[in-house]
file work05.txt (compact mmCIF, C-alpha atoms)
# COMPACT_ATOMS: atom_id res chain seq x y z
CA MET A 1 -23.20 -17.80 4.45
CA GLU A 2 -19.46 -17.42 4.24
CA PRO A 3 -17.42 -20.27 2.79
CA ARG A 4 -16.08 -22.86 5.19
CA ALA A 5 -12.50 -22.05 4.27
CA THR A 6 -12.97 -18.43 5.36
CA ARG A 7 -14.52 -19.46 8.66
CA GLY A 8 -11.70 -21.87 9.35
CA ARG A 9 -9.14 -19.23 8.55
CA ARG A 10 -10.80 -16.73 10.81
CA GLU A 11 -10.66 -19.24 13.66
CA TRP A 12 -7.02 -20.14 13.23
CA MET A 13 -6.01 -16.50 12.84
CA ALA A 14 -7.77 -15.72 16.10
CA VAL A 15 -5.72 -18.47 17.75
CA LEU A 16 -2.46 -17.31 16.20
CA ALA A 17 -3.12 -13.74 17.29
CA ARG A 18 -3.40 -14.78 20.94
CA THR A 19 -0.35 -17.02 21.10
CA PRO A 20 2.98 -15.81 22.51
CA ARG A 21 6.05 -16.08 20.30
CA GLU A 22 7.80 -18.99 22.08
CA ALA A 23 4.68 -21.14 22.01
CA LEU A 24 4.16 -20.35 18.36
CA GLN A 25 7.75 -21.14 17.49
CA HIS A 26 7.80 -24.48 19.31
CA ALA A 27 4.42 -25.56 18.00
CA LEU A 28 5.34 -24.64 14.43
CA GLU A 29 8.64 -26.50 14.63
CA ALA A 30 6.96 -29.56 16.12
CA ALA A 31 4.17 -29.54 13.57
CA LEU A 32 6.52 -29.26 10.61
CA GLU A 33 8.59 -32.21 11.90
CA GLY A 34 11.72 -30.97 10.21
CA ALA A 35 10.00 -30.43 6.86
CA ARG A 36 11.57 -27.57 4.94
CA VAL A 37 9.60 -24.36 5.13
CA PRO A 38 8.89 -23.12 1.59
CA ASP A 39 10.57 -19.87 0.56
CA TYR A 40 8.49 -16.77 0.77
CA GLU A 41 8.55 -13.16 -0.38
CA TRP A 42 7.34 -10.18 1.59
CA LEU A 43 4.33 -8.36 0.27
CA ARG A 44 4.52 -6.20 3.36
CA ALA A 45 7.55 -6.70 5.56
CA PRO A 46 6.67 -6.62 9.26
CA ASP A 47 6.02 -3.05 10.35
CA ILE A 48 4.89 -1.53 13.60
CA GLY A 49 2.20 1.08 13.93
CA LEU A 50 -0.43 2.42 16.27
CA ALA A 51 -4.12 1.63 16.35
CA MET A 52 -6.81 3.30 18.42
CA VAL A 53 -8.63 0.93 20.74
CA ARG A 54 -12.25 1.88 21.23
CA GLY A 55 -14.28 0.82 24.21
CA ARG A 56 -17.84 0.87 25.44
CA ILE A 57 -19.11 0.49 28.96
CA GLY A 58 -22.14 -1.74 29.18
CA GLY A 59 -24.32 -2.55 26.22
CA THR A 60 -25.80 0.91 25.96
CA GLY A 61 -22.79 3.19 26.51
CA ASP A 62 -21.33 5.32 23.74
CA ALA A 63 -18.08 4.20 22.17
CA PHE A 64 -15.04 6.11 23.42
CA ASN A 65 -11.34 6.07 22.61
CA LEU A 66 -9.67 3.94 25.27
CA GLY A 67 -6.12 4.56 24.10
CA GLU A 68 -3.63 3.59 21.46
CA THR A 69 -1.89 0.27 21.20
CA THR A 70 1.07 -0.83 19.12
CA VAL A 71 0.19 -3.17 16.28
CA THR A 72 2.55 -5.26 14.16
CA ARG A 73 1.42 -6.43 10.76
CA ALA A 74 3.02 -8.59 8.11
CA THR A 75 1.98 -10.11 4.80
CA LEU A 76 3.99 -12.71 2.93
CA ARG A 77 3.50 -14.94 -0.08
CA LEU A 78 4.89 -18.46 -0.17
CA ILE A 79 6.74 -19.61 -3.24
CA ALA A 80 5.49 -23.19 -3.14
CA ASP A 81 6.94 -25.89 -5.37
CA ASP A 82 3.46 -26.99 -6.46
CA GLY A 83 2.83 -23.65 -8.14
CA SER A 84 0.37 -22.34 -5.58
CA ALA A 85 1.12 -19.04 -3.90
CA PRO A 86 -0.80 -18.81 -0.64
CA VAL A 87 -0.68 -15.44 1.09
CA GLY A 88 -0.24 -15.34 4.86
CA VAL A 89 -1.36 -12.36 6.90
CA ALA A 90 -0.79 -11.44 10.53
CA VAL A 91 -1.97 -8.41 12.48
CA HIS A 92 -0.99 -8.56 16.13
CA MET A 93 -0.98 -6.39 19.18
CA GLY A 94 2.50 -5.54 20.38
CA ARG A 95 5.79 -4.93 18.61
CA ASP A 96 7.17 -8.40 18.08
CA LYS A 97 8.03 -8.65 14.37
CA GLU A 98 9.31 -12.21 14.74
CA ARG A 99 5.98 -13.33 16.14
CA ALA A 100 4.06 -11.67 13.30
CA THR A 101 6.37 -13.38 10.82
CA LEU A 102 5.77 -16.80 12.38
CA ALA A 103 2.02 -16.25 12.47
CA ALA A 104 1.90 -15.09 8.84
CA LEU A 105 3.94 -18.13 7.87
CA ALA A 106 1.61 -20.44 9.79
CA ASP A 107 -1.40 -18.78 8.14
CA ALA A 108 0.04 -19.37 4.67
CA LEU A 109 1.02 -22.97 5.43
CA LEU A 110 -2.44 -23.72 6.78
CA GLN A 111 -3.81 -22.87 3.34
CA MET A 112 -1.67 -25.55 1.69
CA PRO A 113 -3.35 -28.97 1.60
CA ARG A 114 0.03 -30.63 2.21
CA PHE A 115 0.45 -28.97 5.62
CA ALA A 116 -3.12 -28.09 6.55
CA ASP A 117 -4.24 -31.18 8.48
CA LYS A 118 -1.00 -31.67 10.34
CA LEU A 119 -0.80 -28.01 11.35
CA GLN A 120 -4.46 -27.97 12.30
CA THR A 121 -4.09 -30.89 14.72
CA GLN A 122 -0.58 -30.16 15.99
CA LEU A 123 -0.52 -26.39 16.01
CA ILE A 124 -3.96 -24.82 16.12
CA GLU A 125 -5.82 -27.33 18.28
CA PRO A 126 -3.28 -27.44 21.16
CA LEU A 127 -2.93 -23.66 21.09
CA ALA A 128 -6.70 -23.23 21.03
CA ALA A 129 -6.99 -25.59 24.00
CA ARG A 130 -4.34 -23.57 25.83
CA ILE A 131 -6.25 -20.36 25.23
CA ALA A 132 -9.52 -21.98 26.35
CA ASP A 133 -7.82 -23.27 29.55
CA GLU A 134 -6.42 -19.86 30.31
CA ARG A 135 -9.83 -18.33 29.76
CA ARG A 136 -11.52 -20.87 32.08
CA ARG A 137 -8.88 -20.25 34.75
CA LYS A 138 -9.47 -16.50 34.58
CA GLU A 139 -13.22 -16.97 34.65
CA ALA A 140 -12.90 -19.21 37.70
CA GLU A 141 -10.72 -16.59 39.39
CA ALA A 142 -13.26 -13.92 38.64
CA ALA A 143 -16.16 -16.13 39.70
CA ALA A 144 -14.56 -16.60 43.15
CA THR A 145 -14.79 -12.88 43.79
CA LYS A 146 -18.45 -12.65 42.87
CA VAL A 147 -20.54 -10.93 45.47
CA GLU A 148 -24.25 -11.75 45.76
CA PHE A 149 -26.52 -8.97 46.85
CA PHE A 150 -29.71 -9.87 48.66
CA THR A 151 -32.59 -7.61 49.43
CA MET A 152 -34.39 -8.28 52.65
CA VAL A 153 -38.08 -8.47 52.11
CA ARG A 154 -39.80 -6.38 54.69
CA GLY A 155 -42.35 -8.32 56.63
CA GLU A 156 -45.97 -7.52 56.15
CA MET B 1 -13.66 -4.42 -4.38
CA ARG B 2 -11.28 -6.93 -2.87
CA ILE B 3 -7.57 -6.72 -3.43
CA ASP B 4 -6.40 -9.74 -5.42
CA MET B 5 -3.64 -11.14 -3.22
CA THR B 6 -2.48 -13.71 -5.76
CA THR B 7 -1.31 -11.06 -8.22
CA LEU B 8 -0.28 -8.44 -5.66
CA VAL B 9 3.21 -7.08 -6.30
CA PRO B 10 5.65 -6.15 -3.53
CA GLY B 11 6.22 -2.48 -2.71
CA PHE B 12 9.19 -0.68 -1.19
CA ASN B 13 11.67 -2.80 0.76
CA ASP B 14 12.17 -0.06 3.31
CA THR B 15 8.95 1.92 3.24
CA VAL B 16 10.11 5.05 5.02
CA HIS B 17 13.55 5.55 3.50
CA ASP B 18 12.68 4.40 -0.02
CA ALA B 19 9.71 6.76 -0.07
CA GLN B 20 11.89 9.62 1.22
CA ARG B 21 14.51 9.07 -1.49
CA VAL B 22 11.88 8.88 -4.20
CA PHE B 23 10.21 12.02 -2.85
CA ARG B 24 13.55 13.84 -2.90
CA ALA B 25 14.07 12.79 -6.54
CA LEU B 26 10.57 14.00 -7.47
CA LEU B 27 11.30 17.32 -5.78
CA ASP B 28 14.52 17.65 -7.80
CA ALA B 29 12.64 16.89 -11.00
CA LEU B 30 10.16 19.71 -10.41
CA SER B 31 12.82 22.19 -9.24
CA ARG B 32 14.86 21.67 -12.42
CA PRO B 33 12.25 21.24 -15.13
CA GLY B 34 13.47 19.31 -18.14
CA SER B 35 16.31 17.48 -16.43
CA ILE B 36 16.15 13.69 -16.45
CA VAL B 37 15.93 12.31 -12.92
CA ALA B 38 16.64 8.64 -12.24
CA ILE B 39 14.10 7.23 -9.82
CA ASP B 40 15.62 3.76 -9.99
CA ALA B 41 18.83 5.18 -8.50
CA ALA B 42 16.76 6.04 -5.40
CA LEU B 43 15.88 2.38 -4.95
CA PRO B 44 19.12 0.42 -4.61
CA ASP B 45 18.73 -3.33 -5.04
CA ASN B 46 14.96 -3.20 -4.84
CA HIS B 47 14.61 -6.20 -7.08
CA ALA B 48 11.20 -7.28 -5.87
CA MET B 49 9.66 -4.03 -7.03
CA ARG B 50 11.64 -3.79 -10.27
CA ASP B 51 10.32 -7.11 -11.49
CA GLY B 52 6.81 -6.66 -10.18
CA LEU B 53 5.33 -4.28 -12.72
CA ALA B 54 7.99 -4.55 -15.39
CA GLY B 55 6.55 -4.10 -18.85
CA ARG B 56 3.22 -2.85 -17.56
CA VAL B 57 3.95 0.29 -15.61
CA PRO B 58 7.36 1.98 -15.58
CA LEU B 59 9.19 1.64 -12.30
CA ALA B 60 9.49 5.42 -12.00
CA ALA B 61 5.71 5.86 -12.13
CA PHE B 62 4.98 3.01 -9.71
CA ALA B 63 7.60 4.15 -7.19
CA SER B 64 6.44 7.78 -7.42
CA LEU B 65 2.81 6.90 -6.86
CA LEU B 66 3.74 4.67 -3.92
CA ALA B 67 5.72 7.51 -2.37
CA LEU B 68 3.13 10.25 -2.93
CA THR B 69 -0.29 8.69 -2.45
CA ASP B 70 -2.20 7.82 0.69
CA TYR B 71 -5.79 7.54 1.85
CA SER B 72 -6.40 11.27 1.36
CA THR B 73 -5.27 11.47 -2.28
CA PRO B 74 -7.70 10.00 -4.84
CA VAL B 75 -5.81 8.32 -7.68
CA PHE B 76 -7.15 8.11 -11.22
CA ILE B 77 -5.71 5.44 -13.52
CA GLU B 78 -6.55 6.37 -17.10
CA ARG B 79 -6.63 2.82 -18.42
CA GLU B 80 -7.88 0.61 -15.62
CA ASP B 81 -5.12 -1.63 -14.32
CA ASN B 82 -6.04 -3.84 -11.39
CA VAL B 83 -2.48 -4.84 -10.58
CA LEU B 84 -1.34 -1.24 -10.26
CA GLY B 85 -4.55 -0.24 -8.51
CA ASP B 86 -4.36 -3.11 -6.02
CA ALA B 87 -0.69 -2.39 -5.30
CA LEU B 88 -1.44 1.27 -4.53
CA ARG B 89 -4.42 0.35 -2.38
CA PHE B 90 -2.50 -2.27 -0.45
CA HIS B 91 0.86 -0.56 0.05
CA ALA B 92 -0.15 3.09 0.20
CA SER B 93 -3.79 2.76 1.33
CA ALA B 94 -4.56 5.00 -1.65
CA ARG B 95 -8.13 5.53 -2.76
CA LEU B 96 -8.88 4.96 -6.44
CA THR B 97 -11.41 7.14 -8.16
CA ARG B 98 -13.17 6.98 -11.51
CA ASP B 99 -13.77 10.73 -11.48
CA ARG B 100 -11.00 12.68 -13.25
CA ARG B 101 -11.92 15.96 -11.61
CA GLU B 102 -11.58 14.52 -8.11
CA ALA B 103 -8.15 12.98 -8.71
CA ALA B 104 -5.09 14.29 -6.88
CA PHE B 105 -2.74 12.00 -8.81
CA VAL B 106 -3.29 10.59 -12.27
CA TYR B 107 -1.49 7.86 -14.14
CA ILE B 108 -1.80 7.94 -17.92
CA ASP B 109 -0.50 4.78 -19.50
CA ASP B 110 -0.47 5.95 -23.11
CA ALA B 111 0.58 9.49 -24.01
CA ARG B 112 -1.08 9.19 -27.45
CA ASP B 113 -4.41 8.62 -25.72
CA MET B 114 -4.37 11.70 -23.50
CA PRO B 115 -7.67 13.02 -22.21
CA SER B 116 -8.16 16.78 -22.30
CA LEU B 117 -6.26 18.58 -19.53
CA ASP B 118 -9.47 20.45 -18.74
CA ALA B 119 -10.90 17.23 -17.34
CA PHE B 120 -8.56 17.43 -14.33
CA SER B 121 -8.58 19.72 -11.34
CA HIS B 122 -6.53 22.92 -11.77
CA GLY B 123 -7.01 23.99 -8.17
CA GLU B 124 -8.59 27.24 -7.06
CA PRO B 125 -6.80 30.59 -6.64
CA GLU B 126 -7.25 30.16 -2.85
CA SER B 127 -6.10 26.53 -2.93
CA PRO B 128 -3.85 25.92 -5.93
CA GLU B 129 -2.40 22.89 -4.16
CA HIS B 130 -5.59 21.00 -5.01
CA ALA B 131 -4.53 20.75 -8.64
CA ALA B 132 -3.90 17.32 -10.12
CA THR B 133 -0.43 15.90 -10.70
CA LEU B 134 -0.12 13.80 -13.85
CA PHE B 135 2.26 10.92 -14.47
CA ILE B 136 2.36 10.35 -18.21
CA HIS B 137 4.01 7.26 -19.65
CA VAL B 138 5.98 8.28 -22.77
CA PRO B 139 8.10 6.13 -25.09
CA SER B 140 11.24 8.25 -24.62
CA LEU B 141 12.48 11.31 -22.73
CA THR B 142 15.08 12.29 -25.33
CA GLU B 143 13.96 11.20 -28.76
CA GLY B 144 10.93 13.39 -29.38
CA GLU B 145 10.59 16.72 -31.11
CA PRO B 146 12.76 19.29 -29.23
CA LEU B 147 10.75 22.07 -27.60
CA VAL B 148 12.10 25.13 -25.80
CA TRP B 149 11.32 25.23 -22.07
CA SER B 150 11.89 28.27 -19.88
CA GLY B 151 10.84 29.55 -16.47
CA PRO B 152 11.79 29.10 -12.79
CA GLY B 153 14.50 26.48 -12.34
CA ILE B 154 15.87 26.92 -15.87
CA ALA B 155 18.80 29.35 -16.29
CA GLN B 156 17.97 30.75 -19.74
CA SER B 157 16.05 28.20 -21.68
CA ARG B 158 16.57 24.57 -22.52
CA SER B 159 15.57 22.22 -25.24
CA VAL B 160 13.63 19.16 -24.09
CA ALA B 161 12.58 16.36 -26.43
CA ILE B 162 9.82 14.32 -24.84
CA ALA B 163 8.46 11.79 -27.32
CA GLY B 164 4.91 10.67 -27.89
CA LEU B 165 2.96 13.82 -26.96
CA SER B 166 0.56 15.44 -29.37
CA ARG B 167 0.60 19.09 -30.40
CA LYS B 168 -2.87 19.33 -28.88
CA PHE B 169 -1.45 18.45 -25.47
CA TRP B 170 1.18 21.18 -25.66
CA ARG B 171 -1.40 23.75 -26.77
CA GLN B 172 -3.74 22.84 -23.88
CA ARG B 173 -0.79 22.99 -21.53
CA ALA B 174 0.23 26.43 -22.83
CA ALA B 175 -3.31 27.73 -22.31
CA LEU B 176 -3.14 26.68 -18.65
CA THR B 177 -0.04 28.77 -17.87
CA ALA B 178 -2.23 31.88 -17.93
CA LEU B 179 -4.19 30.51 -14.96
CA PHE B 180 -1.22 30.59 -12.56
CA PRO B 181 -1.21 29.90 -9.57
CA CYS B 182 -3.67 27.29 -10.80
CA GLY B 183 -2.56 24.72 -13.33
CA ILE B 184 -1.35 21.16 -13.65
CA ASP B 185 2.01 19.64 -12.79
CA CYS B 186 3.21 16.83 -15.03
CA TYR B 187 5.84 14.14 -14.88
CA PHE B 188 6.85 12.34 -18.05
CA VAL B 189 7.88 8.81 -17.22
CA ALA B 190 9.92 6.29 -19.18
CA GLY B 191 11.38 3.21 -17.52
CA GLY B 192 13.26 4.15 -14.35
CA ALA B 193 13.55 7.86 -15.13
CA LEU B 194 11.30 10.88 -15.37
CA VAL B 195 11.20 14.55 -16.32
CA GLY B 196 9.21 17.10 -14.34
CA LEU B 197 7.13 19.86 -15.91
CA PRO B 198 5.72 22.16 -13.20
CA ARG B 199 2.92 24.58 -13.95
CA THR B 200 5.38 27.51 -13.87
CA THR B 201 7.34 26.36 -16.91
CA GLN B 202 6.64 27.97 -20.29
CA VAL B 203 6.89 25.66 -23.26
CA GLU B 204 7.14 27.31 -26.67
CA VAL B 205 4.72 25.70 -29.07
CA ASN B 206 5.32 26.66 -32.64
call {"tool": "encode", "arguments": {"input": "work05.txt", "output": "structure tokens"}}
result
Amino acid sequence: MEPRATRGRREWMAVLARTPREALQHALEAALEGARVPDYEWLRAPDIGLAMVRGRIGGTGDAFNLGETTVTRATLRLIADDGSAPVGVAVHMGRDKERATLAALADALLQMPRFADKLQTQLIEPLAARIADERRRKEAEAAATKVEFFTMVRGE
Amino acid sequence: MRIDMTTLVPGFNDTVHDAQRVFRALLDALSRPGSIVAIDAALPDNHAMRDGLAGRVPLAAFASLLALTDYSTPVFIEREDNVLGDALRFHASARLTRDRREAAFVYIDDARDMPSLDAFSHGEPESPEHAATLFIHVPSLTEGEPLVWSGPGIAQSRSVAIAGLSRKFWRQRAALTALFPCGIDCYFVAGGALVGLPRTTQVEVN
């Protein structure tokens, strides 16, 4: 069983990875309520690279290389005044370094007890709800195009 | 093993260009054996990295290993050092090994405590490029016993005074020159500077 903290972090990182930059920026600003963002140092400044996306058709198909996608990654370490040094990580699809920076910052702040609760309720939960809404909307769209196939039973 | 993020030190500021400048300096060091090459000059204002491993591992060795290693080059660290190892794994995706013979790059923290050079790969006549490259931390590049170096890259001969190396090392090294094109390339590292000793250089041991 993995520790709760790890599970929580996995969940919020999944949310951060799916959030566009503007939404992330506004939510982070709102959640911090003007509080000063602690200084940070780069362990890995945002850089852009390629990653191979692998796919599989159906549950039984062999994995194949679908194509390459750009990936931006960043790792930073906060220099917090309470002596802790949480490390924030972001690995995102696309080439938006600013977005990776914001997400890494949010990840690090979420590990600090001082910011954790506020960010969880004001940043992660609304963004998670947004992603869930979007997903439901898409599912509804897809459901409307569902075609039912019937087989006529031949009479005896 | 997990990388310890709390003690992780920053790497190059500008990965591509810093690595290129360091690589160029390392190339110069091997093309002119015995000359002192400043690696720190290749890293202007890279304060984050200069402070990171200060006192533990010389900047020249850390920067060189960051520039040279990647996932395909096993690195052997003679005296296990998790901070250096983690930094190389994180920034360069290097693979650490505990097998001297497998190592492509080796960092030796203490020149007085050198393992035998026979423990490392000398390459094969068909693939001499598989030989190990050693980075040896020495107390000084100028204050040791002067030895006469000659060979490609040196006009006549030159006197080089690397400190801290035993006579045994020089004798083992001299025995390897007969194996050319196989052999071992060395860098002697002190602070921000290093001296290259390629396998082609003859060192007179008296």
call {"tool": "residues_near_point", "arguments": {"input": "work05.txt", "point": "(4.0, 2.9, -24.3)", "cutoff": "6 Å", "atoms": "all atoms listed in the file", "output": "list in words"}}
result
Asp110, Val138 and Pro139 of chain B
call {"tool": "closest_atom_pairs", "arguments": {"input": "work05.txt", "of": "chain A", "to": "chain B", "cutoff": "10 Å", "atoms": "only C-alpha atoms", "output": "CSV"}}
result
residue,atom,partner,partner_atom,distance
A:Glu41,CA,B:Pro10,CA,8.2
A:Trp42,CA,B:Pro10,CA,6.7
A:Leu43,CA,B:Pro10,CA,4.6
A:Arg44,CA,B:Pro10,CA,7.0
A:Ala45,CA,B:Asn13,CA,7.4
A:Asp47,CA,B:Thr15,CA,9.2
A:Thr75,CA,B:Met5,CA,9.8
A:Leu76,CA,B:Pro10,CA,9.4
A:Arg77,CA,B:Thr6,CA,8.3
A:Ser84,CA,B:Thr6,CA,9.1
A:Ala85,CA,B:Thr6,CA,6.7
A:Pro86,CA,B:Thr6,CA,7.4
A:Val87,CA,B:Met5,CA,6.8
A:Gly88,CA,B:Met5,CA,9.7
call {"tool": "axis_aligned_box", "arguments": {"input": "work05.txt", "around": "stretch 156-167 of chain B", "padding_each_side": "8 Å", "output": "lines of an AutoDock Vina configuration file"}}
result
center_x = 9.3
center_y = 20.7
center_z = -25.1
size_x = 33.4
size_y = 36.1
size_z = 26.7
call {"tool": "residues_around", "arguments": {"input": "work05.txt", "residues": "A:Pro46", "least_positions_apart": "3", "cutoff": "7 Å", "atoms": "all atoms listed in the file", "output": "MDAnalysis selection string"}}
result
chainID A and resid 72:74 97 100:101
call {"tool": "atom_distance", "arguments": {"input": "work05.txt", "atom1": "atom CA of A:Leu28", "atom2": "atom CA of A:Leu109"}}
result
10.1 Å
call {"tool": "closest_residue", "arguments": {"input": "work05.txt", "among": "A:Val153, A:Leu110, A:Ala143, A:Val71", "to": "A:Arg9", "atoms": "all atoms listed in the file"}}
result
A:Leu110
call {"tool": "residues_around", "arguments": {"input": "work05.txt", "residues": "B:Ala25", "least_positions_apart": "2", "cutoff": "10 Å", "atoms": "all atoms listed in the file", "output": "MDAnalysis selection string"}}
result
chainID B and resid 19:23 27:31 37:42 64 193:194
call {"tool": "closest_residue", "arguments": {"input": "work05.txt", "among": "B:Val205, B:Ile162, B:Gly196, B:Asp118", "to": "B:Leu176", "atoms": "all atoms listed in the file"}}
result
B:Asp118
call {"tool": "atom_distance", "arguments": {"input": "work05.txt", "atom1": "atom CA of B:Ala175", "atom2": "atom CA of B:Ala131"}}
result
15.4 Å
call {"tool": "decode", "arguments": {"input": "work05.txt", "residues": "stretch 44-88 of chain B", "atoms": "C-alpha atoms", "output": "PDB file, in the first residue's frame"}}
result
ATOM      1  CA  PRO B  44      30.391  31.614 -16.775  1.00  0.00           C
ATOM      2  CA  ASP B  45      28.344  32.631 -13.749  1.00  0.00           C
ATOM      3  CA  ASN B  46      27.144  29.116 -13.087  1.00  0.00           C
ATOM      4  CA  HIS B  47      26.895  29.756  -9.389  1.00  0.00           C
ATOM      5  CA  ALA B  48      24.321  27.101  -8.634  1.00  0.00           C
ATOM      6  CA  MET B  49      26.674  24.372  -9.794  1.00  0.00           C
ATOM      7  CA  ARG B  50      29.811  25.875  -8.264  1.00  0.00           C
ATOM      8  CA  ASP B  51      28.326  25.816  -4.793  1.00  0.00           C
ATOM      9  CA  GLY B  52      26.566  22.493  -5.158  1.00  0.00           C
ATOM     10  CA  LEU B  53      29.430  20.052  -4.796  1.00  0.00           C
ATOM     11  CA  ALA B  54      32.050  22.421  -3.450  1.00  0.00           C
ATOM     12  CA  GLY B  55      34.445  20.673  -1.126  1.00  0.00           C
ATOM     13  CA  ARG B  56      33.237  17.218  -2.087  1.00  0.00           C
ATOM     14  CA  VAL B  57      33.897  16.852  -5.776  1.00  0.00           C
ATOM     15  CA  PRO B  58      35.916  19.370  -7.792  1.00  0.00           C
ATOM     16  CA  LEU B  59      33.831  21.434 -10.170  1.00  0.00           C
ATOM     17  CA  ALA B  60      35.967  20.308 -13.118  1.00  0.00           C
ATOM     18  CA  ALA B  61      35.188  16.644 -12.452  1.00  0.00           C
ATOM     19  CA  PHE B  62      31.471  17.208 -11.880  1.00  0.00           C
ATOM     20  CA  ALA B  63      31.070  19.383 -14.987  1.00  0.00           C
ATOM     21  CA  SER B  64      33.070  16.938 -17.128  1.00  0.00           C
ATOM     22  CA  LEU B  65      31.030  13.947 -16.023  1.00  0.00           C
ATOM     23  CA  LEU B  66      27.795  15.864 -16.625  1.00  0.00           C
ATOM     24  CA  ALA B  67      28.951  16.732 -20.130  1.00  0.00           C
ATOM     25  CA  LEU B  68      30.225  13.272 -21.083  1.00  0.00           C
ATOM     26  CA  THR B  69      27.905  10.735 -19.505  1.00  0.00           C
ATOM     27  CA  ASP B  70      24.475   9.525 -20.533  1.00  0.00           C
ATOM     28  CA  TYR B  71      22.371   6.387 -20.264  1.00  0.00           C
ATOM     29  CA  SER B  72      24.784   4.397 -22.428  1.00  0.00           C
ATOM     30  CA  THR B  73      27.943   5.096 -20.401  1.00  0.00           C
ATOM     31  CA  PRO B  74      28.225   3.223 -17.091  1.00  0.00           C
ATOM     32  CA  VAL B  75      29.900   5.392 -14.451  1.00  0.00           C
ATOM     33  CA  PHE B  76      31.989   3.982 -11.626  1.00  0.00           C
ATOM     34  CA  ILE B  77      32.531   6.147  -8.545  1.00  0.00           C
ATOM     35  CA  GLU B  78      35.485   4.760  -6.615  1.00  0.00           C
ATOM     36  CA  ARG B  79      34.308   5.928  -3.204  1.00  0.00           C
ATOM     37  CA  GLU B  80      30.534   5.804  -3.216  1.00  0.00           C
ATOM     38  CA  ASP B  81      29.058   9.289  -3.149  1.00  0.00           C
ATOM     39  CA  ASN B  82      25.283   9.477  -3.333  1.00  0.00           C
ATOM     40  CA  VAL B  83      25.155  13.204  -3.995  1.00  0.00           C
ATOM     41  CA  LEU B  84      27.420  12.922  -7.027  1.00  0.00           C
ATOM     42  CA  GLY B  85      25.753   9.707  -8.144  1.00  0.00           C
ATOM     43  CA  ASP B  86      22.247  11.143  -7.828  1.00  0.00           C
ATOM     44  CA  ALA B  87      23.254  14.313  -9.676  1.00  0.00           C
ATOM     45  CA  LEU B  88      24.649  12.301 -12.598  1.00  0.00           C
TER      46      LEU B  88
END
